[in-house]
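Only one structure is covered here, and it is reproduced in the block below.
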Amino acid sequence: MILAKPLSRSEDLIRPRPRGSLLNGLRQREQKPIAGAIGLAVNLPDSVSILDGPGCLVESFACLIHDRELNAQDWPEILRSGRLDEVSGAFVLAWHDGQSLHLIRDAVGERTLFYAPVAEGLIFASSLKVLMNTGLIQRRLNTEVLARYLTYAYIPGRETLIQGVYELEPGEWLTFSQGQLQRRSWWNFEPERWEPTEARPRLIAELRKSIEHAVLSRMPASGPLCASLSGGIDSSLVVALLRQFSPERSADELLTFTVSFGEKYRNELPFSRHVADLAKARNLVLEASPKTVMHHLDQTIALMGNPVGDPLTVPNALIFREASCYSGVLFNGEGGDPNFGGPKNIPMLLSELYGDPFHERLGEQTYLRERTYLRSYRKLYEDLPHLLTPQTQSQIPPDALERQLAPWLDPEQGDSFVQKLMVLNTRFKGAHHILFKVNALSRAFGIEPASPLFDKHVTALAIHCPPQLKLNGTIEKYILKEAIGDLLSPRILNRPKSGMQVPVELWFRPGGPLHREAKRRMKRLEAYDLFEPDYLRRLMRWELNGFLPRHGPKVWILLTLEAWLREYLGE
Amino acid sequence: MLRCAILLLNNQWAVAMKCLKCGKNHLYRERSGGKCSACGQKFAFEPKQGDPYTDTLFSKALTQVSSNQSLVYLPRQLYYELARLRMRKPGGLNSKYGSVVGMAVLGVFLMGFMSIFWLANFGFSGAFVLVGGITFAIWSGLTWVVWHRTDPDLITLTFEAFTASLIKWGKAHGSLAGKLDKPLMLQTSQTSREKDLDDYTVERVIICDHSQIVDFLLANNFHIEQKCAVLSIGGYPPQHFERIKEMLKRNPALNVFVLHNASLNGCRIYHQLITDRNWFPGSERVFDMGLHPRHAAKFKGLWQHAEATNTEPIPGYSEAEMKWLSEYKLELTAIRPEQLLNRLRNVLNGHTRSLADGYASGDSGSDSDVMLVSSDFGGGDDDFG
């Protein structure tokens, strides 16, 4: 096990304490959250921009049309002239053209928008909290979506956990007119069209250019540059480009932020340290203790809207908080994995070659590939029959989870299995987990998250790269490595996978530092009558069956849900 | 409690049997019809009539071998589980302790008698001490023999008796869930439309000496969980073997983990894999996980007689190990399924982690323990029960 070495002089150690509020109130984004209603009278708070008649409201970051930065006045003209597909960048917008209301989300899903049809009208907001606080929406749980959350640890798709409340899909254009909703995709990313492998040199050059452009277009003109840095390829390449494009900035003006969970646990500090040193950046290490993480859980989940049961949510929020002391933009390397790699590719390939034994064991006859995929998430899919009460299960239509996936994995559609997995990962995990999370958390600290590897052009290029150049043999992100190889030292480029994880298994197990608190919260979860108390108790006793029960991550998913239920549905 | 005490006093405990359905304890005379007097549930076994175990012991073996019905297991794994439980049952241990205590009491009595006789006739002398010492040594040796005679190296439960008991169990309690009887035929959703399935490869493969172990790993989803191909050296599974072997050839940095019985044939496959040009000749990434003769001590009582006739020396094996292999073998199925899967996972992940850690610290020579039964792994029942 790698133990953290003493911090070097160029590193600063930040140890957030388990007390006080998560929020620091230092900054506000330039653009407020947007909200509005049509055909309804609502009271909306001053903290949001309100659309109450014809006009256009936008929440955006780094939006360009042919290299020209867009301002608020440009949008109606772009929409009227049908040039939206030429726009890149993060945005959601609401446009009332005098007759209809249009709600539009950016291509990849960097920003988000919730909406709810109520009576003959429609209400929308870029924050779920704002939508719920109007009092127009009944706080009723959607149990089908509950099963989705427990399976993925986030919520893929347009439905939310609250009945009647929806989220725009990435690249979706929704029109509301005379009580009718119409949905269409404004960005056709053509997942079935990719270049031949012979185009490799050109693709590599284009990819490099696109990534550089994506970083440049998100860089603030002045002030310190901030980036989260794990020491993996994706975040390291972003830091390297930031340094390349700002050679004049001192070490104190290029700040990197790395998460650690203390010296006892595995970490990636040797790599982040190495990258920061090469980039002449000041590396700040945020050490998140279990008590600090638990202390800020409720507030973090309250900021999110949809729950995301990823144990990194609280450390992510803490990093945004720290970065907000220095800059209004925090770069990250998100997007490299979903667009160019994906941990499920090899297991899914093996299941295709050998078969999945669970089909026979559980008598599965239909949606075989979908069931294997859902199991590969290694969350609570297999536990659902034991975890949910019979009454909760009865409210979930048969094969609901599998049917949602089927169009993405249909063996009769498309020539490449791996391409399907990657596109699915970008659309599901990219838009509904990663980008959703960084957008929701960063907003609370007035920061813009900059995810250049999720840029529209980079994502489109990734989709149009042949799958064999993304997963090359066993090498994931092959073409990405080829495109940016010169930016990174061989030590980073060739590093083996190390498997750093949040130590939730050690935190929550009996005798662990958070076991008692988790048990207390599980008791509260029992009160919702959604879950079998016996399952929850066995979980907390570390007595689940199976080869790898993965108690810790399951506890975290349920604790996140409990905090969400309390915040959004009430006790 | 009172009933237990009465049973114990009447020396009937060993033959009292509990009904698995209603939990009632039965004396022999109460179950003479082969059924529970309270609920009518049939008993599968009757130790008084020569069956090797009780229904309770068999049920306990099923729970352990399947890890509470969460794992698929091979019939042979159940066989070893039953053998292990029989060795540990209270009656067995009591007789072992009883024999040794009896020997010790008899020894003290005889030594005392001899001392009194000697001192009365010849008085105390150096010869008394010498004869006394020799007698004590002989007696200690005999006690040691008695102790070990009740702790045999070879398995005492025959596979025929086990097979017969499976039939009896089936008649009384129905078929066994999770038992893998026939070669696995896994269902896939493959179509001819997707043409890229063979364009990729994996980072690691487990090569086994027996097809049953391949089936065991596949049936428990080990390949998907651990991103690992699994094949037998003999060409199993036949429907996928060539295709997967081709896939392995596409990775020049493939890590190969070899898994085999501690037997003459099993221990030979590592050498075969690194020399046969159809496999991985000269590769330094082939790791022998065992089993080896040196692991056998932790599984005493579960050894089998050797069957293989090829006693040619195996590179890397000592004379003593070759001698052991010529007499005995220890099968992988003697390891409880959950333990086997966990140890395999630890070895594979430990290997990956040690590479990553060594890389992070700049120590390229970092190595990990790839032995299935490592020297620091305790040993004995708790680890490999």
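All residue names refer to the structure tokens as shown: chains lettered A, B, ... in order, residues numbered from 1 in each chain, ligands numbered from 1 in order.
Within the 10 Å cut-off around Ala297 (chain B), using only C-alpha atoms and omitting residues fewer than 3 positions from it on the same chain, the listed residues are B:Asp153, B:Pro293, B:Arg294, B:Lys300, B:Gly301, B:Leu302, B:Trp303, B:Leu330, B:Gly379, B:Gly380.
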For the residues in that selection, give me N, CA and C atoms as a PDB file, in the first residue's frame.
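To be explicit, this is the file written out as again33.pdb:
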```pdb
ATOM      1  N   ASP B 153      -3.588 -38.512   7.478  1.00  0.00           N
ATOM      2  CA  ASP B 153      -3.250 -37.630   6.372  1.00  0.00           C
ATOM      3  C   ASP B 153      -4.274 -37.748   5.259  1.00  0.00           C
ATOM      4  N   PRO B 293       3.118 -29.073  -2.959  1.00  0.00           N
ATOM      5  CA  PRO B 293       3.242 -29.995  -1.816  1.00  0.00           C
ATOM      6  C   PRO B 293       3.457 -29.251  -0.498  1.00  0.00           C
ATOM      7  N   ARG B 294       4.102 -28.092  -0.559  1.00  0.00           N
ATOM      8  CA  ARG B 294       4.351 -27.370   0.693  1.00  0.00           C
ATOM      9  C   ARG B 294       3.073 -26.810   1.316  1.00  0.00           C
ATOM     10  N   LYS B 300      -4.170 -31.504   6.121  1.00  0.00           N
ATOM     11  CA  LYS B 300      -4.064 -32.909   6.525  1.00  0.00           C
ATOM     12  C   LYS B 300      -5.442 -33.501   6.738  1.00  0.00           C
ATOM     13  N   GLY B 301      -5.585 -34.727   6.319  1.00  0.00           N
ATOM     14  CA  GLY B 301      -6.887 -35.373   6.446  1.00  0.00           C
ATOM     15  C   GLY B 301      -7.714 -35.246   5.185  1.00  0.00           C
ATOM     16  N   LEU B 302      -7.219 -34.434   4.228  1.00  0.00           N
ATOM     17  CA  LEU B 302      -7.951 -34.255   2.971  1.00  0.00           C
ATOM     18  C   LEU B 302      -7.097 -34.682   1.775  1.00  0.00           C
ATOM     19  N   TRP B 303      -5.964 -35.315   2.066  1.00  0.00           N
ATOM     20  CA  TRP B 303      -5.113 -35.768   0.966  1.00  0.00           C
ATOM     21  C   TRP B 303      -5.747 -36.987   0.303  1.00  0.00           C
ATOM     22  N   LEU B 330      -3.209 -33.284  -3.431  1.00  0.00           N
ATOM     23  CA  LEU B 330      -4.166 -32.416  -2.734  1.00  0.00           C
ATOM     24  C   LEU B 330      -4.917 -31.631  -3.800  1.00  0.00           C
ATOM     25  N   GLY B 379      -2.952 -20.543   8.167  1.00  0.00           N
ATOM     26  CA  GLY B 379      -2.960 -21.996   7.966  1.00  0.00           C
ATOM     27  C   GLY B 379      -3.956 -22.611   8.914  1.00  0.00           C
ATOM     28  N   GLY B 380      -4.372 -23.780   8.610  1.00  0.00           N
ATOM     29  CA  GLY B 380      -5.306 -24.453   9.487  1.00  0.00           C
ATOM     30  C   GLY B 380      -6.742 -24.125   9.161  1.00  0.00           C
TER      31      GLY B 380
END
```
For Gly170 (chain B): contacts at 12 Å, only C-alpha atoms, fewer than 4 positions along chain excluded, given as number ranges by chain:
B: 42-45, 55, 58, 163-166, 174-177
Quick one: write out the picked residues with N, CA and C atoms as a JSON list (two decimals), in the first residue's frame?
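That gives us result05.json:
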```json
[["chain", "number", "residue", "atom", "x", "y", "z"],
["B", 42, "LYS", "N", -38.81, -36.53, 6.79],
["B", 42, "LYS", "CA", -37.92, -37.69, 6.70],
["B", 42, "LYS", "C", -36.49, -37.32, 7.09],
["B", 43, "PHE", "N", -35.80, -38.26, 7.74],
["B", 43, "PHE", "CA", -34.37, -38.09, 7.95],
["B", 43, "PHE", "C", -33.65, -38.75, 6.77],
["B", 44, "ALA", "N", -32.63, -38.08, 6.25],
["B", 44, "ALA", "CA", -31.87, -38.68, 5.14],
["B", 44, "ALA", "C", -30.90, -39.72, 5.65],
["B", 45, "PHE", "N", -30.34, -39.47, 6.82],
["B", 45, "PHE", "CA", -29.25, -40.33, 7.30],
["B", 45, "PHE", "C", -29.56, -40.92, 8.67],
["B", 55, "ASP", "N", -28.16, -35.52, 9.35],
["B", 55, "ASP", "CA", -28.77, -34.50, 8.49],
["B", 55, "ASP", "C", -28.25, -33.12, 8.86],
["B", 58, "PHE", "N", -24.81, -32.54, 7.42],
["B", 58, "PHE", "CA", -24.88, -32.35, 5.97],
["B", 58, "PHE", "C", -25.40, -30.95, 5.64],
["B", 163, "THR", "N", -21.35, -40.07, -2.65],
["B", 163, "THR", "CA", -22.33, -40.12, -3.75],
["B", 163, "THR", "C", -23.62, -40.79, -3.29],
["B", 164, "ALA", "N", -23.47, -41.87, -2.52],
["B", 164, "ALA", "CA", -24.67, -42.55, -2.02],
["B", 164, "ALA", "C", -25.46, -41.62, -1.10],
["B", 165, "SER", "N", -24.74, -40.83, -0.33],
["B", 165, "SER", "CA", -25.45, -39.95, 0.61],
["B", 165, "SER", "C", -26.18, -38.82, -0.13],
["B", 166, "LEU", "N", -25.65, -38.42, -1.29],
["B", 166, "LEU", "CA", -26.36, -37.40, -2.08],
["B", 166, "LEU", "C", -27.73, -37.89, -2.50],
["B", 174, "GLY", "N", -35.02, -33.25, -1.18],
["B", 174, "GLY", "CA", -35.08, -32.64, -2.51],
["B", 174, "GLY", "C", -33.69, -32.32, -3.05],
["B", 175, "SER", "N", -33.67, -31.80, -4.28],
["B", 175, "SER", "CA", -32.38, -31.58, -4.94],
["B", 175, "SER", "C", -31.62, -30.41, -4.32],
["B", 176, "LEU", "N", -30.32, -30.39, -4.59],
["B", 176, "LEU", "CA", -29.45, -29.38, -3.99],
["B", 176, "LEU", "C", -29.33, -28.17, -4.91],
["B", 177, "ALA", "N", -29.65, -27.00, -4.37],
["B", 177, "ALA", "CA", -29.49, -25.78, -5.17],
["B", 177, "ALA", "C", -28.02, -25.38, -5.20]]
```
Give as a short mmCIF file (atom, residue, chain, number, x, y, z; two decimals) with N, CA, C and O atoms, in the first residue's frame every residue of chain A that touches chain B within 8 Å, counting only C-alpha atoms.
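Contents of out.cif, as written:
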```
data_model
loop_
_atom_site.label_atom_id
_atom_site.label_comp_id
_atom_site.auth_asym_id
_atom_site.auth_seq_id
_atom_site.Cartn_x
_atom_site.Cartn_y
_atom_site.Cartn_z
N MET A 1 0.84 -1.19 0.00
CA MET A 1 0.00 0.00 0.00
C MET A 1 0.88 1.24 0.00
O MET A 1 1.89 1.30 0.69
N ILE A 2 0.49 2.23 -0.77
CA ILE A 2 1.26 3.48 -0.75
C ILE A 2 0.77 4.29 0.43
O ILE A 2 -0.41 4.57 0.56
N PRO A 270 1.68 10.59 -4.93
CA PRO A 270 2.95 10.64 -5.65
C PRO A 270 2.79 11.10 -7.10
O PRO A 270 3.65 11.79 -7.63
N PHE A 271 1.66 10.74 -7.70
CA PHE A 271 1.44 11.13 -9.09
C PHE A 271 1.01 12.59 -9.21
O PHE A 271 1.49 13.32 -10.08
N ILE A 346 -14.33 -4.19 -20.58
CA ILE A 346 -13.75 -5.55 -20.56
C ILE A 346 -14.70 -6.55 -19.89
O ILE A 346 -14.93 -7.63 -20.44
N PRO A 347 -15.28 -6.23 -18.72
CA PRO A 347 -16.23 -7.21 -18.15
C PRO A 347 -17.40 -7.52 -19.09
O PRO A 347 -17.81 -8.67 -19.22
N MET A 348 -17.89 -6.50 -19.78
CA MET A 348 -19.01 -6.74 -20.69
C MET A 348 -18.56 -7.58 -21.89
O MET A 348 -19.30 -8.45 -22.36
N LEU A 349 -17.35 -7.33 -22.36
CA LEU A 349 -16.83 -8.16 -23.46
C LEU A 349 -16.70 -9.62 -23.02
O LEU A 349 -17.05 -10.54 -23.75
N LEU A 350 -16.20 -9.81 -21.81
CA LEU A 350 -16.05 -11.19 -21.31
C LEU A 350 -17.41 -11.86 -21.16
O LEU A 350 -17.55 -13.06 -21.43
N SER A 351 -18.39 -11.09 -20.75
CA SER A 351 -19.72 -11.70 -20.62
C SER A 351 -20.28 -12.05 -21.99
O SER A 351 -21.05 -13.00 -22.13
N GLU A 352 -19.91 -11.28 -23.02
CA GLU A 352 -20.36 -11.62 -24.37
C GLU A 352 -19.66 -12.88 -24.87
O GLU A 352 -20.25 -13.70 -25.56
N LEU A 353 -18.39 -13.01 -24.54
CA LEU A 353 -17.63 -14.16 -25.04
C LEU A 353 -17.98 -15.45 -24.29
O LEU A 353 -18.14 -16.50 -24.88
N TYR A 354 -18.06 -15.36 -22.99
CA TYR A 354 -18.30 -16.56 -22.17
C TYR A 354 -19.79 -16.77 -21.86
O TYR A 354 -20.23 -17.88 -21.66
N GLY A 355 -20.50 -15.65 -21.69
CA GLY A 355 -21.85 -15.73 -21.16
C GLY A 355 -21.85 -15.33 -19.70
O GLY A 355 -20.81 -15.31 -19.04
N ASP A 356 -23.02 -14.95 -19.22
CA ASP A 356 -23.18 -14.52 -17.83
C ASP A 356 -23.90 -15.65 -17.08
O ASP A 356 -25.04 -15.98 -17.42
N PRO A 357 -23.28 -16.24 -16.08
CA PRO A 357 -23.89 -17.39 -15.39
C PRO A 357 -25.18 -17.05 -14.67
O PRO A 357 -25.99 -17.93 -14.40
N PHE A 358 -25.39 -15.77 -14.39
CA PHE A 358 -26.60 -15.40 -13.66
C PHE A 358 -27.86 -15.62 -14.48
O PHE A 358 -28.93 -15.77 -13.93
N HIS A 359 -27.72 -15.62 -15.81
CA HIS A 359 -28.92 -15.84 -16.62
C HIS A 359 -29.55 -17.18 -16.27
O HIS A 359 -30.75 -17.29 -16.07
N GLU A 360 -28.70 -18.21 -16.21
CA GLU A 360 -29.24 -19.54 -15.93
C GLU A 360 -29.64 -19.66 -14.46
O GLU A 360 -30.69 -20.17 -14.12
N LEU A 368 -30.96 -10.09 -21.63
CA LEU A 368 -29.77 -10.70 -21.01
C LEU A 368 -28.62 -9.70 -20.92
O LEU A 368 -27.98 -9.55 -19.89
N ARG A 369 -28.36 -9.04 -22.02
CA ARG A 369 -27.24 -8.10 -22.05
C ARG A 369 -27.50 -6.95 -21.07
O ARG A 369 -26.59 -6.50 -20.36
N SER A 376 -23.12 -5.07 -13.73
CA SER A 376 -21.72 -4.61 -13.79
C SER A 376 -21.54 -3.29 -13.06
O SER A 376 -20.42 -2.90 -12.76
N PRO A 411 -28.47 -5.64 -29.75
CA PRO A 411 -27.45 -6.33 -30.56
C PRO A 411 -27.71 -6.22 -32.06
O PRO A 411 -26.80 -6.37 -32.86
N GLU A 412 -28.94 -5.94 -32.42
CA GLU A 412 -29.27 -5.87 -33.85
C GLU A 412 -29.04 -4.49 -34.44
O GLU A 412 -29.25 -4.27 -35.62
N GLN A 413 -28.67 -3.55 -33.62
CA GLN A 413 -28.43 -2.19 -34.11
C GLN A 413 -26.95 -1.85 -33.96
O GLN A 413 -26.41 -1.88 -32.86
N GLY A 414 -26.28 -1.54 -35.03
CA GLY A 414 -24.90 -1.08 -34.93
C GLY A 414 -23.89 -2.20 -35.00
O GLY A 414 -24.15 -3.32 -34.57
N ASP A 415 -22.69 -1.85 -35.50
CA ASP A 415 -21.67 -2.86 -35.76
C ASP A 415 -20.69 -3.06 -34.62
O ASP A 415 -19.89 -3.99 -34.66
N SER A 416 -20.69 -2.17 -33.65
CA SER A 416 -19.67 -2.27 -32.61
C SER A 416 -20.29 -2.33 -31.21
O SER A 416 -21.03 -1.43 -30.81
N PHE A 417 -19.93 -3.36 -30.51
CA PHE A 417 -20.42 -3.51 -29.14
C PHE A 417 -19.77 -2.48 -28.22
O PHE A 417 -20.44 -1.83 -27.41
N VAL A 418 -18.47 -2.29 -28.37
CA VAL A 418 -17.76 -1.35 -27.48
C VAL A 418 -18.23 0.08 -27.72
O VAL A 418 -18.35 0.87 -26.79
N GLN A 468 -11.88 0.73 -31.84
CA GLN A 468 -10.59 0.03 -31.65
C GLN A 468 -9.46 1.02 -31.34
O GLN A 468 -8.40 0.61 -30.89
N LEU A 471 -10.44 1.74 -27.23
CA LEU A 471 -9.96 0.56 -26.47
C LEU A 471 -9.08 -0.23 -27.43
O LEU A 471 -9.57 -0.94 -28.30
N ASN A 472 -7.77 -0.06 -27.27
CA ASN A 472 -6.83 -0.70 -28.19
C ASN A 472 -6.21 -1.91 -27.50
O ASN A 472 -5.31 -1.76 -26.67
N GLY A 473 -6.73 -3.08 -27.79
CA GLY A 473 -6.29 -4.26 -27.03
C GLY A 473 -6.82 -4.14 -25.62
O GLY A 473 -8.02 -4.19 -25.40
N THR A 474 -5.91 -3.93 -24.66
CA THR A 474 -6.36 -3.64 -23.28
C THR A 474 -6.14 -2.19 -22.92
O THR A 474 -6.44 -1.78 -21.81
N ARG A 495 1.43 4.81 -16.34
CA ARG A 495 1.17 4.30 -14.99
C ARG A 495 0.09 3.21 -15.01
O ARG A 495 -0.91 3.32 -15.73
N PRO A 496 0.32 2.17 -14.21
CA PRO A 496 -0.72 1.14 -14.14
C PRO A 496 -1.91 1.65 -13.34
O PRO A 496 -1.79 2.62 -12.59
N LYS A 497 -3.01 0.95 -13.52
CA LYS A 497 -4.19 1.35 -12.73
C LYS A 497 -3.92 1.06 -11.27
O LYS A 497 -3.40 0.00 -10.93
N SER A 498 -4.28 2.02 -10.40
CA SER A 498 -3.99 1.78 -8.99
C SER A 498 -5.24 1.55 -8.16
O SER A 498 -5.19 1.00 -7.08
N GLY A 499 -6.36 1.95 -8.67
CA GLY A 499 -7.61 1.66 -7.97
C GLY A 499 -7.81 2.43 -6.69
O GLY A 499 -8.21 1.88 -5.68
N ASN A 545 -24.90 -11.61 1.92
CA ASN A 545 -24.32 -12.79 1.26
C ASN A 545 -23.57 -12.39 0.01
O ASN A 545 -23.69 -11.28 -0.48
N GLY A 546 -22.84 -13.33 -0.51
CA GLY A 546 -22.22 -13.15 -1.82
C GLY A 546 -20.72 -13.13 -1.75
O GLY A 546 -20.12 -12.95 -0.70
N PHE A 547 -20.14 -13.33 -2.93
CA PHE A 547 -18.69 -13.39 -3.05
C PHE A 547 -18.07 -12.05 -2.66
O PHE A 547 -17.10 -11.98 -1.92
#
```
With only C-alpha atoms as the counted atoms, please give the residues lying no more than 10 Å from Thr309 (chain B), apart from itself and same-chain residues fewer than 5 positions off, as a PyMOL selection string.
chain B and resi 264-265+326
For Leu435 (chain A), please output as a list of chain:residue names all residues within 7 Å (counting only C-alpha atoms; exclusion window: fewer than 4 positions along the same chain).
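The neighbour list is A:Gly109, A:Glu110, A:Gly430, A:Ala431, A:Asn439.
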Can you list every residue in region 180-286 of chain A that DSSP puts in alpha helix (DSSP H), as a VMD selection string?
chain A and resid 200 to 218 233 to 245 269 to 278
Closest of A:Glu322, A:Ala37, A:Tyr154, A:Ile50 to Gly446 (chain A) - atom-to-atom distances counting only C-alpha atoms
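For Gly446 (chain A), the nearest of the given residues is A:Glu322.
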Nearby residues (only C-alpha atoms) at most 10 Å from Ser283 (chain B), same-chain spacing under 2 positions excluded, as a ChimeraX atom specification:
/B:252-256,273-275,279-281,285-287
How would the residues just chosen look if you wrote them out with C-alpha atoms as a PDB file, in the first residue's frame?
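Printed below is part04.pdb as written:
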```pdb
ATOM      1  CA  PRO B 252       2.077  -9.153 -25.234  1.00  0.00           C
ATOM      2  CA  ALA B 253       1.936  -8.011 -21.597  1.00  0.00           C
ATOM      3  CA  LEU B 254      -0.611 -10.629 -20.567  1.00  0.00           C
ATOM      4  CA  ASN B 255      -0.362 -11.788 -16.949  1.00  0.00           C
ATOM      5  CA  VAL B 256      -0.972 -15.511 -16.648  1.00  0.00           C
ATOM      6  CA  LEU B 273       2.952 -23.200 -20.117  1.00  0.00           C
ATOM      7  CA  ILE B 274       6.317 -21.457 -20.123  1.00  0.00           C
ATOM      8  CA  THR B 275       7.936 -23.910 -22.527  1.00  0.00           C
ATOM      9  CA  TRP B 279       1.198 -21.206 -24.859  1.00  0.00           C
ATOM     10  CA  PHE B 280       3.559 -18.605 -23.401  1.00  0.00           C
ATOM     11  CA  PRO B 281       7.128 -19.780 -24.071  1.00  0.00           C
ATOM     12  CA  ARG B 285       4.541 -12.972 -16.652  1.00  0.00           C
ATOM     13  CA  VAL B 286       3.395 -16.496 -15.851  1.00  0.00           C
ATOM     14  CA  PHE B 287       2.779 -16.913 -12.132  1.00  0.00           C
TER      15      PHE B 287
END
```
Taking the DSSP assignment computed from this structure's backbone, write out as a VMD selection string all residues of region 306-506 of chain A that belong to strand (DSSP E).
chain A and resid 329 to 331 448 to 450 471 to 472 475 to 476
What's the 8 Å shell around Ser263 (chain B), counting only C-alpha atoms, without same-chain residues fewer than 2 positions away, as a compact mmCIF listing (two decimals) with N, CA, C and O atoms, in the first residue's frame?
```txt
# COMPACT_ATOMS: atom_id res chain seq x y z
N ASN B 261 -3.99 -28.47 -8.97
CA ASN B 261 -3.90 -29.37 -7.82
C ASN B 261 -2.43 -29.54 -7.42
O ASN B 261 -1.54 -29.40 -8.27
N ASN B 265 0.51 -34.30 -12.09
CA ASN B 265 0.07 -33.66 -13.33
C ASN B 265 -0.14 -32.17 -13.15
O ASN B 265 0.21 -31.37 -14.01
N GLY B 266 -0.76 -31.80 -12.03
CA GLY B 266 -1.06 -30.39 -11.78
C GLY B 266 0.20 -29.55 -11.70
O GLY B 266 0.29 -28.47 -12.30
N CYS B 267 1.19 -30.03 -10.96
CA CYS B 267 2.39 -29.23 -10.75
C CYS B 267 3.23 -29.12 -12.02
O CYS B 267 4.13 -28.29 -12.11
N HIS B 292 0.83 -26.49 -4.11
CA HIS B 292 2.13 -27.16 -4.10
C HIS B 292 2.18 -28.13 -2.92
O HIS B 292 1.42 -27.97 -1.96
N PRO B 293 3.12 -29.07 -2.96
CA PRO B 293 3.24 -30.00 -1.82
C PRO B 293 3.46 -29.25 -0.50
O PRO B 293 3.01 -29.70 0.55
N ALA B 306 -1.92 -40.57 -4.67
CA ALA B 306 -1.53 -40.13 -6.01
C ALA B 306 -1.99 -41.16 -7.03
O ALA B 306 -2.03 -42.36 -6.76
N ALA B 308 -1.23 -40.36 -10.72
CA ALA B 308 -0.40 -40.21 -11.91
C ALA B 308 0.81 -41.11 -11.85
O ALA B 308 1.32 -41.43 -10.77
N LEU B 325 4.61 -36.00 -3.88
CA LEU B 325 3.71 -36.05 -5.05
C LEU B 325 3.54 -37.47 -5.59
O LEU B 325 2.51 -37.79 -6.17
N TYR B 328 1.01 -38.81 -2.77
CA TYR B 328 -0.26 -38.14 -2.46
C TYR B 328 -0.61 -37.07 -3.50
O TYR B 328 0.22 -36.68 -4.31
N LYS B 329 -1.83 -36.60 -3.36
CA LYS B 329 -2.21 -35.36 -4.08
C LYS B 329 -3.20 -34.59 -3.20
O LYS B 329 -3.90 -35.17 -2.36
N LEU B 330 -3.21 -33.28 -3.43
CA LEU B 330 -4.17 -32.42 -2.73
C LEU B 330 -4.92 -31.63 -3.80
O LEU B 330 -4.31 -30.94 -4.62
N GLU B 331 -6.24 -31.74 -3.78
CA GLU B 331 -7.03 -31.11 -4.84
C GLU B 331 -7.44 -29.70 -4.45
O GLU B 331 -7.68 -29.41 -3.27
```
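The residue that comes closest to Leu530 (chain A), out of A:Arg200, A:His386, A:Arg371, A:Arg321 and on the basis of only C-alpha atoms, is A:His386.
Distances here use only C-alpha atoms; by that measure, the residue among A:Trp186, A:Gly485, A:Ala279, A:Leu241 closest to Gly82 (chain A) is A:Trp186.
Our summary of the geometry notes that CA of Val275 (chain A) is positioned 26.1 Å from CA of His457 (chain A).
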Which value, in Å to one decimal, gives the distance between CA of Gln182 (chain A) and CA of Leu168 (chain A)?
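These two atoms are separated by 11.9 Å.
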Please, what distance in Å, to one decimal, runs between CA of Gln393 (chain A) and CA of Thr143 (chain A)?
8.1 Å
Quick one: everything within 9 Å of Lys437 (chain A), counting only C-alpha atoms, minus sequence neighbours fewer than 2 positions away in the same chain. Send it as number ranges by chain.
A: 304, 306-308, 313, 316, 432-435, 439-442
